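Enquirer: Have a look at this one before I ask anything.
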Amino acid sequence: MKHSSGKTLYADFESGKRLFTILIDPDKTDPSQVQLLLKRLPKQTTHLFVGGSIVAKGKTETLVSALKKCTELPIILFPGDASQITGEADGLLFLSLLSGRNPEFLIEQHIKAIPKLKNTSLEILPTAYILIDGGNETAVQRVSKTFPMKQNDIKGITNTALAAQYSGKKLIYLEAGSGAKIPVNTKIIKAVAETVTIPIIVGGGIRDAKTIALAYNSGATMVVVGTAFEEGDFTG
């Protein structure tokens, strides 16, 4: 799907511009408060992600519909499972949790999503999701029953990222997890950026402008902030 600029979402990632995204959790966001939320967005925001590890049925669609009435920012689904898919959004991160080995999140949820996706015009963005230890147990870890990769396992992370590219993924998502104590190390971002030729998204544990700048300077194309914005602690 093309967004209001007339471009595809993937063209944004290929543009070379630094992209900045706020992640909004439908389970923690009242649709009636959308206008207030949008007024709080950092001025550098280019996209919105909507999703969570566990979201009650129907909440994603309700929130996306409310957002679409109030903003022209592209809205991309960041779903924890197939139940969170709605055609109201502009695009979908078609996530494969490659840091884990649970088939449910490697391929099963993708198959469950197909009946919904066939009837939408969502732009599908095949994305390798690599969970990296952020210093605490995350919702992704609990739901997927997988373990994050260690921050010092740079070789394993870069090999996973390159395997993703060779397998046809178009994006790499390096994720420390919601509310992470430690963001993805810049050495990891730099090593992955030097290994793959596809865009890199970085999220988890990012709370300030300095951390964002370090991520961009290390090779990130898009930086995602969720918990810090949600809790009013973001200083970007």
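Chains: A, B, ... in order of the structure tokens. Residues: from 1 per chain. Ligands: from 1, in order shown.
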Please provide the set of residues having any atom within 9 Å of A:Lys57, restricted to only C-alpha atoms, with same-chain residues fewer than 3 positions apart removed, written as a list of chain:residue names.

Expert: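 Final neighbour list, sorted by chain and number: A:Thr60, A:Glu61, A:Ser83, A:Gln84.
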
Enquirer: Write out as number ranges by chain each polymer residue whose atoms come within 10 Å of A:Thr197, counting only C-alpha atoms; drop sequence neighbours fewer than 5 positions from it.

Expert: A: 162, 165, 170-172, 192

Enquirer: For the strand (DSSP E) assignment from backbone DSSP, which residues of stretch 3-175 of chain A qualify? Please present them as a ChimeraX atom specification.

Expert: /A:19-24,47-50,75-77,91-97,123-131,171-175

Enquirer: For the atom pair atom CA of A:Leu36 and atom CA of A:Thr227, what is the interatomic distance in Å to one decimal place?

Expert: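 Taking atom CA of A:Leu36 and atom CA of A:Thr227, their separation equals 16.9 Å.
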
Enquirer: I want to know what sits within 7 Å of stretch 113-129 of chain A, based on only C-alpha atoms, with residues of the same chain fewer than 6 positions away left out; could you give that as number ranges by chain?

Expert: A: 1, 82, 87, 89-98, 164, 169-174

Enquirer: Would you export the selected residues with N, CA and C atoms as a short mmCIF file (atom, residue, chain, number, x, y, z; two decimals), in the first residue's frame, please?

Expert:
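Result file follows (part_5.cif):
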data_model
loop_
_atom_site.label_atom_id
_atom_site.label_comp_id
_atom_site.auth_asym_id
_atom_site.auth_seq_id
_atom_site.Cartn_x
_atom_site.Cartn_y
_atom_site.Cartn_z
N MET A 1 0.83 -1.19 0.00
CA MET A 1 0.00 0.00 0.00
C MET A 1 0.87 1.25 0.00
N ALA A 82 -1.27 -13.48 14.97
CA ALA A 82 -2.13 -13.22 13.81
C ALA A 82 -3.43 -12.53 14.17
N GLY A 87 -6.80 -4.68 8.48
CA GLY A 87 -6.58 -4.00 7.21
C GLY A 87 -6.69 -2.49 7.30
N ALA A 89 -4.67 -0.59 8.87
CA ALA A 89 -3.32 -0.01 8.89
C ALA A 89 -2.76 0.11 7.47
N ASP A 90 -1.55 0.65 7.36
CA ASP A 90 -0.89 0.80 6.06
C ASP A 90 0.02 -0.37 5.74
N GLY A 91 0.64 -0.94 6.75
CA GLY A 91 1.59 -2.02 6.51
C GLY A 91 1.69 -2.96 7.70
N LEU A 92 2.46 -4.02 7.50
CA LEU A 92 2.61 -5.06 8.51
C LEU A 92 4.05 -5.56 8.53
N LEU A 93 4.67 -5.54 9.70
CA LEU A 93 5.93 -6.24 9.87
C LEU A 93 5.60 -7.72 9.95
N PHE A 94 5.97 -8.48 8.93
CA PHE A 94 5.70 -9.92 8.89
C PHE A 94 6.88 -10.59 9.60
N LEU A 95 6.76 -10.68 10.92
CA LEU A 95 7.89 -10.99 11.80
C LEU A 95 8.18 -12.48 11.91
N SER A 96 9.44 -12.84 11.74
CA SER A 96 9.92 -14.19 12.04
C SER A 96 10.91 -14.08 13.19
N LEU A 97 10.63 -14.73 14.31
CA LEU A 97 11.49 -14.65 15.48
C LEU A 97 12.69 -15.59 15.29
N LEU A 98 13.68 -15.10 14.57
CA LEU A 98 14.81 -15.95 14.19
C LEU A 98 15.81 -16.18 15.32
N ALA A 164 19.02 -14.33 7.55
CA ALA A 164 17.72 -13.72 7.28
C ALA A 164 17.72 -13.04 5.91
N LYS A 169 14.41 -12.01 3.72
CA LYS A 169 13.86 -10.96 4.58
C LYS A 169 14.32 -9.59 4.07
N LYS A 170 13.46 -8.58 4.25
CA LYS A 170 13.77 -7.24 3.75
C LYS A 170 14.19 -6.28 4.85
N LEU A 171 13.95 -6.67 6.10
CA LEU A 171 14.32 -5.83 7.24
C LEU A 171 14.89 -6.69 8.36
N ILE A 172 15.80 -6.12 9.14
CA ILE A 172 16.32 -6.75 10.34
C ILE A 172 15.85 -5.91 11.53
N TYR A 173 15.23 -6.54 12.50
CA TYR A 173 14.78 -5.84 13.70
C TYR A 173 15.59 -6.35 14.89
N LEU A 174 16.50 -5.52 15.40
CA LEU A 174 17.29 -5.85 16.58
C LEU A 174 16.55 -5.30 17.79
#

Enquirer: Provide the atom CA of A:Pro31 to atom CA of A:Leu63 distance in Å, to one decimal place.

Expert: 5.3 Å

Enquirer: For stretch 22-27 of chain A, find every residue with an atom within 9 Å (counting only C-alpha atoms), except residues of its own chain fewer than 6 positions away, and show them as number ranges by chain.

Expert: A: 41-42, 45-56, 59-64, 78, 223-227, 229-230

Enquirer: List every residue of stretch 43-171 of chain A that DSSP, applied to the backbone of this structure, places in alpha helix (DSSP H), and write the result as number ranges by chain.

Expert: A: 59-68, 103, 109-117, 139-144, 154-166

Enquirer: Could those selected residues go to a file with C-alpha atoms, as an mmCIF file, in the first residue's frame?

Expert:
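Final output, selection_10.cif:
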data_model
loop_
_atom_site.group_PDB
_atom_site.id
_atom_site.type_symbol
_atom_site.label_atom_id
_atom_site.label_comp_id
_atom_site.auth_asym_id
_atom_site.auth_seq_id
_atom_site.Cartn_x
_atom_site.Cartn_y
_atom_site.Cartn_z
ATOM 1 C CA LYS A 59 -8.356 -3.564 20.336
ATOM 2 C CA THR A 60 -5.778 -3.227 17.563
ATOM 3 C CA GLU A 61 -8.363 -2.436 14.906
ATOM 4 C CA THR A 62 -10.166 0.054 17.159
ATOM 5 C CA LEU A 63 -6.939 1.885 17.951
ATOM 6 C CA VAL A 64 -5.690 1.943 14.355
ATOM 7 C CA SER A 65 -9.049 3.308 13.164
ATOM 8 C CA ALA A 66 -8.870 6.089 15.756
ATOM 9 C CA LEU A 67 -5.297 6.945 14.773
ATOM 10 C CA LYS A 68 -6.102 7.053 11.053
ATOM 11 C CA PRO A 103 7.991 -22.972 15.133
ATOM 12 C CA GLN A 109 1.572 -17.593 13.018
ATOM 13 C CA HIS A 110 2.383 -16.569 9.438
ATOM 14 C CA ILE A 111 0.171 -19.326 8.058
ATOM 15 C CA LYS A 112 -2.625 -18.380 10.472
ATOM 16 C CA ALA A 113 -2.384 -14.802 9.209
ATOM 17 C CA ILE A 114 -2.874 -15.624 5.523
ATOM 18 C CA PRO A 115 -6.722 -15.716 5.466
ATOM 19 C CA LYS A 116 -6.745 -12.164 6.846
ATOM 20 C CA LEU A 117 -3.882 -10.873 4.719
ATOM 21 C CA ALA A 139 6.933 -10.215 27.296
ATOM 22 C CA VAL A 140 8.260 -11.535 23.975
ATOM 23 C CA GLN A 141 10.384 -14.061 25.834
ATOM 24 C CA ARG A 142 7.458 -15.213 28.004
ATOM 25 C CA VAL A 143 4.964 -15.467 25.156
ATOM 26 C CA SER A 144 7.311 -17.083 22.619
ATOM 27 C CA ILE A 154 28.044 -10.733 18.049
ATOM 28 C CA LYS A 155 29.065 -13.515 15.668
ATOM 29 C CA GLY A 156 25.836 -15.426 16.315
ATOM 30 C CA ILE A 157 23.740 -12.293 15.852
ATOM 31 C CA THR A 158 25.443 -11.262 12.610
ATOM 32 C CA ASN A 159 25.191 -14.804 11.233
ATOM 33 C CA THR A 160 21.481 -14.836 12.080
ATOM 34 C CA ALA A 161 20.996 -11.468 10.371
ATOM 35 C CA LEU A 162 22.807 -12.580 7.227
ATOM 36 C CA ALA A 163 20.859 -15.849 7.144
ATOM 37 C CA ALA A 164 17.718 -13.716 7.278
ATOM 38 C CA GLN A 165 18.865 -11.637 4.318
ATOM 39 C CA TYR A 166 19.790 -14.734 2.327
#

Enquirer: In Å, how far is it from atom CA of A:Ile132 to atom CA of A:Ala11?

Expert: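 Those two atoms sit 26.8 Å apart.
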
Enquirer: Env of A:Thr235: 8 Å cut, atoms = only C-alpha atoms, seq-sep filter 5 positions within chain, self excluded. Answer as a ChimeraX atom specification.

Expert: /A:207-209
